[in-house]
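Novice: Just so it is clear, I am handing over final_26.txt, which has compact mmCIF, C-alpha atoms.
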```
# COMPACT_ATOMS: atom_id res chain seq x y z
CA MET A 14 111.47 111.53 108.68
CA VAL A 15 108.60 111.46 106.21
CA ILE A 16 106.38 114.40 105.27
CA ALA A 17 103.19 113.02 103.73
CA SER A 18 101.89 114.93 100.73
CA ILE A 19 98.29 115.71 99.85
CA ASP A 20 98.26 116.89 96.23
CA MET A 21 94.99 118.44 95.11
CA LYS A 22 93.56 118.89 91.63
CA ASP A 23 89.99 119.75 90.55
CA GLY A 24 88.85 119.37 94.18
CA HIS A 25 90.25 115.86 94.56
CA VAL A 26 93.33 114.32 96.14
CA VAL A 27 95.45 113.01 93.28
CA GLN A 28 98.77 111.48 92.40
CA LEU A 29 100.37 112.31 89.05
CA LYS A 30 103.19 110.65 87.18
CA ASN A 31 105.90 113.11 86.09
CA GLY A 32 103.58 115.90 87.20
CA ARG A 33 101.18 115.26 84.30
CA ASP A 34 99.48 111.87 84.06
CA LEU A 35 96.73 111.02 86.58
CA VAL A 36 97.49 107.76 88.37
CA LEU A 37 94.98 107.83 91.22
CA GLN A 38 92.24 110.02 92.65
CA ARG A 39 90.38 110.00 95.97
CA ASP A 40 88.11 112.22 98.08
CA ASP A 41 89.06 111.66 101.71
CA ALA A 42 91.40 114.58 102.37
CA GLU A 43 90.22 115.16 105.94
CA ASN A 44 90.77 111.53 106.91
CA LEU A 45 94.16 111.58 105.23
CA ILE A 46 95.46 114.61 107.08
CA SER A 47 94.22 113.23 110.40
CA GLU A 48 96.18 110.05 109.77
CA PHE A 49 99.27 111.65 108.22
CA ASN A 50 99.68 114.24 110.99
CA ARG A 51 100.07 111.45 113.56
CA TYR A 52 103.52 110.69 112.15
CA GLY A 53 104.90 114.05 111.05
CA GLU A 54 104.39 117.20 109.05
CA VAL A 55 101.97 117.26 106.13
CA ALA A 56 102.42 119.03 102.79
CA ILE A 57 99.30 120.25 100.99
CA ILE A 58 99.84 121.20 97.36
CA ASP A 59 97.32 123.00 95.14
CA LEU A 60 98.30 121.67 91.72
CA ASP A 61 95.73 123.83 89.96
CA GLN A 62 97.41 126.93 91.37
CA ALA A 63 100.77 125.56 90.28
CA PHE A 64 99.43 125.02 86.75
CA GLY A 65 97.81 128.47 86.66
CA ASN A 66 94.23 127.16 86.65
CA ALA A 67 92.74 129.82 88.94
CA ASP A 68 89.75 132.14 88.49
CA GLU A 69 89.77 135.94 88.54
CA LYS A 70 89.73 135.86 92.36
CA GLY A 71 92.81 133.67 92.40
CA GLU A 72 90.83 130.66 93.62
CA THR A 73 90.72 127.11 92.30
CA LYS A 74 88.38 124.15 92.73
CA ASN A 75 90.62 123.18 95.65
CA THR A 76 90.55 126.46 97.57
CA GLN A 77 87.74 125.81 100.04
CA LEU A 78 88.95 122.33 101.05
CA PHE A 79 92.57 123.46 100.92
CA GLN A 80 91.97 126.24 103.45
CA HIS A 81 89.86 123.97 105.65
CA LEU A 82 92.80 121.60 106.07
CA LEU A 83 95.35 124.19 107.14
CA ARG A 84 94.60 123.93 110.87
CA LYS A 85 94.25 120.17 110.92
CA GLY A 86 97.94 119.50 111.58
CA ASN A 87 101.51 120.73 111.19
CA VAL A 88 100.98 121.87 107.62
CA ARG A 89 103.21 123.30 104.92
CA VAL A 90 101.60 124.49 101.70
CA GLY A 91 102.62 124.93 98.11
CA GLY A 92 101.35 125.44 94.59
CA GLY A 93 101.48 128.73 92.70
CA ILE A 94 102.39 130.94 95.67
CA ASN A 95 103.78 133.96 93.83
CA THR A 96 102.92 136.99 95.97
CA VAL A 97 103.78 138.06 99.48
CA LYS A 98 100.08 138.75 100.09
CA LYS A 99 99.19 135.13 99.26
CA ALA A 100 101.93 133.77 101.49
CA ARG A 101 100.84 135.93 104.42
CA GLU A 102 97.22 134.87 103.94
CA LEU A 103 98.14 131.17 104.05
CA ILE A 104 100.20 131.66 107.21
CA SER A 105 97.28 133.53 108.82
CA LEU A 106 94.98 130.64 107.92
CA GLY A 107 97.18 128.17 109.75
CA ALA A 108 100.00 127.07 107.45
CA GLU A 109 103.34 126.82 109.26
CA LYS A 110 105.48 127.19 106.13
CA VAL A 111 105.01 128.08 102.47
CA ILE A 112 106.72 126.33 99.58
CA ILE A 113 107.85 128.76 96.89
CA GLY A 114 108.40 127.24 93.45
CA SER A 115 108.52 129.13 90.16
CA ALA A 116 108.17 132.54 91.84
CA ALA A 117 111.60 132.08 93.42
CA TRP A 118 113.33 131.96 90.05
CA ASN A 119 113.89 134.27 87.08
CA SER A 120 112.71 132.42 83.99
CA SER A 121 115.12 134.28 81.72
CA ILE A 122 118.53 135.43 82.91
CA LYS A 123 120.38 138.37 81.43
CA ASP A 124 124.09 138.95 81.87
CA GLY A 125 124.89 139.69 85.50
CA GLU A 126 121.34 138.95 86.66
CA SER A 127 120.70 136.54 89.51
CA VAL A 128 118.93 133.29 88.78
CA LEU A 129 116.80 134.05 91.84
CA ASN A 130 113.94 136.53 92.11
CA GLU A 131 115.81 138.18 94.96
CA ASN A 132 113.54 141.20 95.45
CA PHE A 133 110.50 138.96 95.91
CA LEU A 134 112.32 136.57 98.22
CA GLN A 135 113.68 139.35 100.41
CA GLU A 136 110.23 140.93 100.66
CA LEU A 137 108.84 137.51 101.58
CA ASN A 138 111.50 137.03 104.28
CA ASP A 139 110.70 140.44 105.71
CA ALA A 140 106.96 139.70 105.75
CA ILE A 141 106.76 136.18 107.22
CA GLY A 142 110.33 135.33 108.26
CA LYS A 143 112.97 133.19 106.57
CA GLU A 144 112.10 130.29 108.90
CA ARG A 145 108.66 129.98 107.27
CA VAL A 146 109.98 129.83 103.72
CA ILE A 147 110.78 126.65 101.76
CA ILE A 148 112.18 126.99 98.24
CA SER A 149 111.61 124.27 95.68
CA VAL A 150 114.72 123.22 93.83
CA ASP A 151 112.94 120.92 91.41
CA ALA A 152 115.21 119.55 88.75
CA ILE A 153 114.96 117.90 85.35
CA HIS A 154 118.20 116.20 84.38
CA GLY A 155 120.04 118.30 86.92
CA LYS A 156 118.61 121.69 85.83
CA ILE A 157 116.20 123.81 87.90
CA ALA A 158 112.61 123.28 86.67
CA ILE A 159 109.87 125.95 86.86
CA LYS A 160 106.38 126.77 85.51
CA GLY A 161 104.79 123.53 86.67
CA TRP A 162 107.89 121.64 85.48
CA THR A 163 107.26 122.77 81.89
CA GLN A 164 110.48 124.84 81.67
CA THR A 165 114.02 124.69 82.98
CA VAL A 166 116.38 127.48 84.00
CA ASP A 167 119.94 127.35 82.75
CA VAL A 168 121.45 126.72 86.16
CA SER A 169 122.41 123.50 87.87
CA LEU A 170 120.55 122.09 90.86
CA VAL A 171 123.54 122.54 93.17
CA GLU A 172 124.32 126.11 92.11
CA GLY A 173 120.67 127.12 92.32
CA ALA A 174 120.33 125.53 95.76
CA LYS A 175 123.39 127.32 97.13
CA GLN A 176 121.91 130.66 96.08
CA ALA A 177 118.39 129.82 97.30
CA GLU A 178 119.62 128.81 100.75
CA LYS A 179 120.13 132.47 101.66
CA TYR A 180 116.37 133.06 101.57
CA CYS A 181 114.86 129.98 103.20
CA SER A 182 115.01 127.57 106.12
CA GLU A 183 114.84 124.48 103.92
CA LEU A 184 114.94 123.25 100.34
CA LEU A 185 112.49 120.86 98.71
CA PHE A 186 114.19 118.84 95.99
CA THR A 187 112.01 116.96 93.53
CA CYS A 188 113.66 114.80 90.91
CA VAL A 189 110.98 115.43 88.27
CA GLU A 190 111.84 112.56 85.95
CA LYS A 191 111.45 110.19 88.91
CA GLU A 192 108.24 111.75 90.25
CA GLY A 193 105.43 109.21 90.53
CA CYS A 194 107.46 106.49 88.83
CA MET A 195 108.24 104.46 91.98
CA GLU A 196 111.78 103.79 90.76
CA GLY A 197 113.73 105.41 93.59
CA THR A 198 115.20 108.90 93.61
CA ASP A 199 118.52 110.03 92.15
CA MET A 200 120.80 109.39 95.14
CA GLN A 201 123.84 110.92 93.45
CA LEU A 202 122.07 114.23 92.96
CA VAL A 203 120.80 114.09 96.55
CA GLU A 204 124.29 113.54 97.92
CA GLU A 205 125.65 116.45 95.87
CA LEU A 206 122.85 118.69 97.11
CA ARG A 207 123.28 117.66 100.76
CA LYS A 208 127.00 118.42 100.66
CA ALA A 209 126.42 121.80 99.01
CA VAL A 210 124.04 123.35 101.56
CA LYS A 211 123.67 123.55 105.33
CA CYS A 212 119.90 124.04 105.63
CA ARG A 213 117.29 121.31 105.93
CA VAL A 214 116.79 119.28 102.74
CA VAL A 215 113.58 117.42 101.90
CA VAL A 216 113.67 114.95 99.02
CA ALA A 217 110.66 114.11 96.83
CA GLY A 218 110.11 112.18 93.64
CA GLY A 219 110.43 108.44 93.21
CA VAL A 220 111.28 107.33 96.77
CA ASN A 221 109.82 103.83 96.94
CA SER A 222 111.02 101.93 100.02
CA ILE A 223 111.67 102.09 103.73
CA GLU A 224 115.30 101.24 102.94
CA GLN A 225 115.72 104.35 100.79
CA ILE A 226 113.95 106.52 103.38
CA VAL A 227 116.40 105.28 106.03
CA GLN A 228 119.31 105.80 103.62
CA LEU A 229 118.19 109.40 103.05
CA GLU A 230 117.73 109.88 106.79
CA LYS A 231 121.36 108.84 107.34
CA LEU A 232 122.42 111.44 104.78
CA GLY A 233 120.55 114.06 106.82
CA CYS A 234 117.57 114.40 104.47
CA ASP A 235 113.85 114.14 105.11
CA VAL A 236 111.44 112.73 102.53
CA GLN A 237 108.21 114.13 101.13
CA LEU A 238 106.18 111.13 100.05
CA GLY A 239 103.10 110.69 97.90
CA MET A 240 102.72 107.81 95.49
CA ALA A 241 104.45 105.23 97.69
CA LEU A 242 102.04 106.04 100.53
CA TYR A 243 98.88 105.96 98.47
CA THR A 244 99.77 102.69 96.80
CA GLY A 245 100.72 101.04 100.10
CA VAL A 246 104.33 100.41 99.16
CA VAL A 247 105.44 102.40 102.23
CA ASN A 248 103.49 103.05 105.42
CA LEU A 249 104.17 105.93 107.79
CA LYS A 250 104.30 103.78 110.92
CA ASP A 251 107.26 101.77 109.62
CA ALA A 252 108.96 104.87 108.25
CA PHE A 253 108.72 106.71 111.57
CA ILE A 254 109.92 103.75 113.63
CA ASN A 255 112.85 102.90 111.39
CA CYS A 256 114.17 106.45 111.17
CA LEU A 257 114.83 106.68 114.93
CA ASN A 258 118.39 106.35 116.21
CA TYR A 259 118.26 103.24 118.39
CA GLU A 260 122.01 102.69 118.17
CA LYS A 261 122.67 105.94 119.99
CA THR A 262 120.21 105.12 122.79
CA GLY A 263 120.89 101.42 123.27
CA GLY A 264 117.59 100.35 121.76
CA LEU A 265 115.26 102.40 123.98
CA ILE A 266 114.14 105.87 122.90
CA PRO A 267 113.07 108.39 125.58
CA VAL A 268 109.45 109.44 125.02
CA ILE A 269 108.11 112.64 126.56
CA ALA A 270 104.32 112.76 126.83
CA GLN A 271 102.70 116.18 126.72
CA SER A 272 99.10 117.38 126.74
CA PRO A 273 97.62 119.19 123.71
CA SER A 274 98.31 122.48 125.54
CA GLY A 275 101.98 121.59 125.98
CA GLU A 276 102.09 120.49 129.63
CA VAL A 277 104.70 117.79 130.25
CA LEU A 278 102.88 114.80 131.74
CA MET A 279 105.43 111.99 132.02
CA MET A 280 108.51 110.41 130.48
CA GLY A 281 109.18 106.78 129.61
CA TYR A 282 111.10 104.64 127.11
CA ALA A 283 110.02 102.83 123.97
CA ASN A 284 111.51 100.27 121.61
CA LYS A 285 110.31 99.50 118.09
CA GLU A 286 107.56 97.21 119.34
CA ALA A 287 106.26 99.82 121.79
CA PHE A 288 106.09 102.48 119.08
CA ALA A 289 104.27 100.08 116.80
CA LYS A 290 101.69 99.29 119.48
CA SER A 291 101.20 102.99 120.25
CA PHE A 292 100.38 103.70 116.62
CA GLU A 293 98.20 100.60 116.20
CA THR A 294 96.11 101.07 119.37
CA ARG A 295 96.25 104.89 119.46
CA ARG A 296 97.23 104.61 123.15
CA LEU A 297 100.72 105.53 124.29
CA THR A 298 102.76 102.42 125.07
CA PHE A 299 106.22 102.12 126.61
CA PHE A 300 108.75 99.40 127.28
CA SER A 301 108.79 99.06 131.06
CA ARG A 302 112.30 98.42 132.31
CA THR A 303 110.99 97.22 135.69
CA LYS A 304 108.36 94.90 134.20
CA ASN A 305 110.63 93.97 131.27
CA ARG A 306 107.69 94.07 128.86
CA LEU A 307 105.51 96.40 126.83
CA TRP A 308 103.34 98.55 129.07
CA THR A 309 100.42 100.67 127.91
CA LYS A 310 99.94 103.65 130.19
CA GLY A 311 96.56 103.25 131.88
CA GLU A 312 96.27 99.50 131.58
CA GLU A 313 95.74 99.31 135.36
CA SER A 314 94.07 102.67 136.11
CA GLN A 315 92.20 103.06 132.80
CA HIS A 316 93.77 106.54 132.61
CA TYR A 317 94.98 105.95 129.06
CA LEU A 318 96.96 108.48 127.07
CA ASP A 319 95.19 108.73 123.73
CA LEU A 320 97.80 109.34 121.05
CA ILE A 321 97.38 112.46 118.94
CA LYS A 322 100.79 112.63 117.27
CA MET A 323 104.49 111.89 117.66
CA ARG A 324 107.46 114.00 116.65
CA ALA A 325 111.12 112.99 116.70
CA ASP A 326 113.75 115.55 117.69
CA CYS A 327 116.50 116.72 115.34
CA ASP A 328 118.88 113.93 116.42
CA ARG A 329 116.16 111.26 116.17
CA ASP A 330 117.01 110.00 119.65
CA THR A 331 114.05 111.46 121.58
CA VAL A 332 110.33 111.52 120.78
CA LEU A 333 107.68 114.00 121.87
CA ALA A 334 104.22 112.41 122.05
CA THR A 335 101.20 114.69 122.17
CA VAL A 336 98.44 112.84 123.97
CA PHE A 337 95.01 113.34 125.45
CA PRO A 338 95.05 112.23 129.11
CA ASN A 339 92.00 110.38 130.41
CA GLY A 340 92.45 111.32 134.05
CA GLY A 341 95.50 111.69 136.28
CA VAL A 342 98.72 110.55 134.64
CA CYS A 343 100.92 109.89 137.68
CA HIS A 344 100.51 106.71 139.74
CA THR A 345 99.84 109.04 142.69
CA GLY A 346 96.71 110.28 140.93
CA SER A 347 98.25 113.63 140.04
CA TYR A 348 97.55 115.14 136.62
CA THR A 349 101.31 115.11 135.86
CA CYS A 350 104.30 113.16 137.14
CA PHE A 351 106.16 116.44 137.59
CA GLY A 352 104.01 118.00 140.31
CA SER A 353 101.73 117.01 143.15
CA GLU A 354 97.97 117.37 142.90
CA VAL A 355 98.05 120.10 145.53
CA ASP A 356 100.45 122.21 143.51
CA ALA A 357 98.95 121.48 140.08
CA LYS A 358 97.37 124.55 138.51
CA SER A 359 93.93 124.37 136.96
CA ASN A 360 93.56 125.25 133.31
CA LEU A 361 91.11 124.66 130.51
CA GLU A 362 92.85 121.54 129.22
CA ARG A 363 92.95 119.97 132.68
CA LEU A 364 89.25 120.70 133.15
CA TYR A 365 88.54 119.12 129.76
CA ALA A 366 90.59 116.04 130.69
CA THR A 367 88.67 115.71 133.96
CA VAL A 368 85.35 115.94 132.10
CA ALA A 369 86.54 113.25 129.69
CA GLU A 370 87.60 111.00 132.57
CA ARG A 371 84.20 111.38 134.27
CA PHE A 372 82.42 110.19 131.16
CA ALA A 373 84.93 107.40 130.48
CA ASN A 374 84.89 106.14 134.07
CA PRO A 375 81.71 107.37 135.80
CA ARG A 376 82.03 107.53 139.58
CA PRO A 377 79.12 107.08 141.98
CA GLY A 378 77.49 110.46 142.45
CA SER A 379 79.32 112.09 139.52
CA TYR A 380 77.23 115.05 138.35
CA THR A 381 79.18 115.37 135.10
CA ALA A 382 78.31 111.83 134.02
CA THR A 383 74.58 112.63 134.29
CA LEU A 384 74.69 115.46 131.75
CA ASP A 385 73.22 114.58 128.36
CA ALA A 386 73.40 116.85 125.30
CA LYS A 387 70.01 118.45 125.95
CA ARG A 388 70.64 119.13 129.63
CA VAL A 389 74.09 120.63 129.15
CA ARG A 390 72.74 123.12 126.59
CA GLU A 391 70.00 124.09 129.02
CA LYS A 392 72.63 124.66 131.73
CA ILE A 393 74.71 126.86 129.43
CA MET A 394 71.64 129.04 128.78
CA GLU A 395 70.92 129.23 132.53
CA GLU A 396 74.49 130.15 133.44
CA ALA A 397 74.77 132.72 130.65
CA GLU A 398 71.57 134.35 131.88
CA GLU A 399 72.81 134.39 135.48
CA LEU A 400 76.08 135.93 134.34
CA THR A 401 74.49 138.69 132.33
CA ASP A 402 71.41 139.42 134.49
CA GLU A 403 72.42 138.66 138.08
CA ALA A 404 76.20 138.85 138.53
CA GLU A 405 77.06 142.27 139.93
CA SER A 406 80.20 141.96 142.02
CA LYS A 407 83.60 140.73 140.87
CA ASN A 408 83.15 137.53 142.93
CA ASP A 409 79.72 136.95 141.37
CA ILE A 410 81.21 137.25 137.88
CA ILE A 411 84.07 134.88 138.72
CA TRP A 412 81.58 132.32 140.07
CA GLU A 413 79.23 132.48 137.09
CA VAL A 414 81.99 132.50 134.47
CA THR A 415 83.51 129.41 136.11
CA ASP A 416 80.15 127.62 135.96
CA LEU A 417 79.71 128.65 132.34
CA ILE A 418 83.18 127.44 131.33
CA TYR A 419 82.54 124.10 133.03
CA PHE A 420 79.31 123.47 131.12
CA MET A 421 80.90 124.72 127.89
CA SER A 422 83.69 122.17 128.40
CA VAL A 423 81.14 119.39 128.80
CA LEU A 424 79.36 120.40 125.59
CA MET A 425 82.66 120.69 123.74
CA TYR A 426 83.69 117.21 124.85
CA LYS A 427 80.38 115.74 123.74
CA GLU A 428 80.70 117.39 120.33
CA GLY A 429 84.37 116.49 119.84
CA VAL A 430 85.62 120.09 120.06
CA THR A 431 88.86 120.74 121.99
CA TRP A 432 90.23 123.91 123.51
CA GLN A 433 93.00 123.79 120.91
CA ASP A 434 90.30 124.16 118.24
CA ILE A 435 89.12 127.30 120.04
CA TYR A 436 92.67 128.65 120.34
CA ASP A 437 93.22 128.04 116.62
CA GLU A 438 90.09 129.99 115.75
CA LEU A 439 91.12 132.87 118.03
CA ASP A 440 94.58 132.85 116.47
CA LYS A 441 93.06 132.93 112.99
CA ARG A 442 90.88 135.92 113.91
CA HIS A 443 93.82 137.72 115.49
CA LYS A 444 95.94 137.32 112.35
CA GLU A 445 93.12 138.52 110.12
CA LYS A 446 92.89 141.84 111.97
```
Output the file's structure in the form of structure tokens.

Specialist:
Amino acid sequence: MVIASIDMKDGHVVQLKNGRDLVLQRDDAENLISEFNRYGEVAIIDLDQAFGNADEKGETKNTQLFQHLLRKGNVRVGGGINTVKKARELISLGAEKVIIGSAAWNSSIKDGESVLNENFLQELNDAIGKERVIISVDAIHGKIAIKGWTQTVDVSLVEGAKQAEKYCSELLFTCVEKEGCMEGTDMQLVEELRKAVKCRVVVAGGVNSIEQIVQLEKLGCDVQLGMALYTGVVNLKDAFINCLNYEKTGGLIPVIAQSPSGEVLMMGYANKEAFAKSFETRRLTFFSRTKNRLWTKGEESQHYLDLIKMRADCDRDTVLATVFPNGGVCHTGSYTCFGSEVDAKSNLERLYATVAERFANPRPGSYTATLDAKRVREKIMEEAEELTDEAESKNDIIWEVTDLIYFMSVLMYKEGVTWQDIYDELDKRHKEK
């Protein structure tokens, strides 16, 4: 699968050739991460940190935007992360994994000394967990490259990778001389690396076609992609679709639909055409075996499943689709196909989905559909006052809090705020304490 890369320099999204020469620059990072996260993980790299261009506070021109993006998707971060404190801070801000480059390696090796900065890596593992650590095994002509690719360590890629594997959950291999050149990566080096280690391997640098992405997928490697995406040579939709294992499943891939809060809503099957339509329309589409055609969920009921993102499992033979449900998902009218309406438990996400459905498909007499932005704010003030000034018993508090949460949900929907956004902010505050 492809991990899209957002490389940042001087406050802009950039792509560099060989890590030095500016090839393109743009200023739509938020739009990019929204799009990229639909298809897989996203890597955000602070190149200024990597090149040592930080102020006395350790910040760069990218810092504010960089931190803003960390909760916008399944994000891994890299660029000049050389202290445990910095790594922990990035995880607390929302990063799922940190990419450790030069700090993982000893720039000069004395007799009997490890090529790895083992004390730092062990401290890092103890602080955030090995599963959150990615080590860069960047290489120039087969030798480990460090210091923003300006130096090499006298150790081979394969030997360095075998040692690094003890301290990380995956390795990021960049073939530096191929980086940004759009000439394809060094497949021989990749094959040697893949055979040498057991952990996840992500390949970057030079990958320039769907065919090579699929070839790397068959080797058991993921791809971190930059230049080929930004220049339109490769698109994420085609990469995602072509990396799935249709041979194993007879052409139809099981697709599990879940709500943003993780509730399983339904399961269906999709072929290449169905996946393509899902990505193009942003509404989850299946291949119906009974209808023998593509079928977009909600085409009859209007209870569409708005696509947020898709993730393939480790064997690439099952897909998990995170969707926003516009009303009941089951043909019975139930919120989920795995439980009756009577037994379904209420929660904040289900309330939010119901609010969304009332606005999308107003019913006669629907109170929700009558609420405009001004009125809903007035109601929140009224309910908050009733809660604080009038509610005395436990039942009174339950009643007023329920009213308040309902009107808050309406306001959130109107302003494009989800409960997941609220959970993320609570999580951030918890980790900061």

Novice: As number ranges by chain, please: the residues near stretch 225-240 of chain A (cut-off 7 Å, only C-alpha atoms, same-chain neighbours under 5 positions excluded).

Specialist: A: 14-18, 28, 193, 214-217, 220, 255-256

Novice: Using all atoms listed in the file, which of A:Gly114, A:Pro338, A:Gly346, A:Gly378 sits nearest A:Val277?

Specialist: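 Among A:Gly114, A:Pro338, A:Gly346, A:Gly378, it is A:Pro338 that comes nearest to A:Val277.
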
Novice: Can you work out the spacing between atom CA of A:Ser222 and atom CA of A:Gly197 in Å, to one decimal?

Specialist: 7.8 Å

Novice: Do you know which residues are at most 8 Å from stretch 384-388 of chain A counting all atoms listed in the file, after dropping those on the same chain fewer than 4 positions away, and could you put them as a PDB file with C-alpha atoms, keeping the file's coordinate frame?

Specialist:
```pdb
ATOM      1  CA  TYR A 380      77.230 115.050 138.350  1.00  0.00           C
ATOM      2  CA  LYS A 392      72.630 124.660 131.730  1.00  0.00           C
ATOM      3  CA  LEU A 424      79.360 120.400 125.590  1.00  0.00           C
ATOM      4  CA  LYS A 427      80.380 115.740 123.740  1.00  0.00           C
TER       5      LYS A 427
END
```

Novice: Using all atoms listed in the file, tabulate the residues of stretch 348-442 of chain A lying at most 12 Å from any atom of stretch 100-105 of chain A, each with its closest atom pair and that distance in Å to one decimal, by chain and increasing residue number, as CSV.

Specialist:
```
residue,atom,partner,partner_atom,distance
A:Asp437,CA,A:Ser105,CA,10.4
A:Glu438,CA,A:Ser105,CA,10.6
A:Leu439,CA,A:Ser105,CA,11.1
A:Asp440,CA,A:Ser105,CA,8.1
A:Lys441,CA,A:Ser105,CA,6.0
A:Arg442,CA,A:Ser105,CA,8.5
```

Novice: Counting all atoms listed in the file, what is within 10 Å of A:Thr294, bar same-chain residues fewer than 4 positions away, as a PyMOL selection string?

Specialist: chain A and resi 289-290+298+309+319-320

Novice: Nearest to A:Lys22 among A:Ala67, A:Ile147, A:Ala369, A:Cys212, with distances taken over all atoms listed in the file: which residue is it?

Specialist: A:Ala67

Novice: Give me the residues near A:His316 as a ChimeraX atom specification, where near means some atom within 7 Å (using only C-alpha atoms) and where sequence neighbours in that chain fewer than 2 positions away do not count.

Specialist: /A:311,314,318,338-342

Novice: With distances taken over all atoms listed in the file, which of A:Val27, A:Ala241, A:Ala287, A:Leu37 is nearest to A:Gly264?

Specialist: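 The closest residue to A:Gly264 is A:Ala287.
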
Novice: Between atom CA of A:Asn75 and atom CA of A:Met21, what is the spacing in Å?

Specialist: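 According to the coordinates, atom CA of A:Met21 and atom CA of A:Asn75 are separated by 6.5 Å.
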
Novice: List the neighbours of A:Pro273 out to 8 Å using all atoms listed in the file; skip same-chain residues closer than 2 positions along the sequence, and give me the result as a VMD selection string.

Specialist: chain A and resid 271 275 to 276 335 to 337 362 433

Novice: Would you list the residues near (119.8, 116.9, 97.5), meaning any protein, DNA or RNA residue with an atom at most 9 Å from that point in file coordinates, counting only C-alpha atoms, as a list of chain:residue names?

Specialist: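 Those residues lying close to the given coordinates are A:Val150, A:Leu170, A:Val171, A:Ala174, A:Leu184, A:Leu185, A:Phe186, A:Thr187, A:Asp199, A:Met200, A:Gln201, A:Leu202, A:Val203, A:Glu204, A:Glu205, A:Leu206, A:Arg207, A:Lys208, A:Ala209, A:Val210, A:Val214, A:Val215, A:Val216, A:Cys234.
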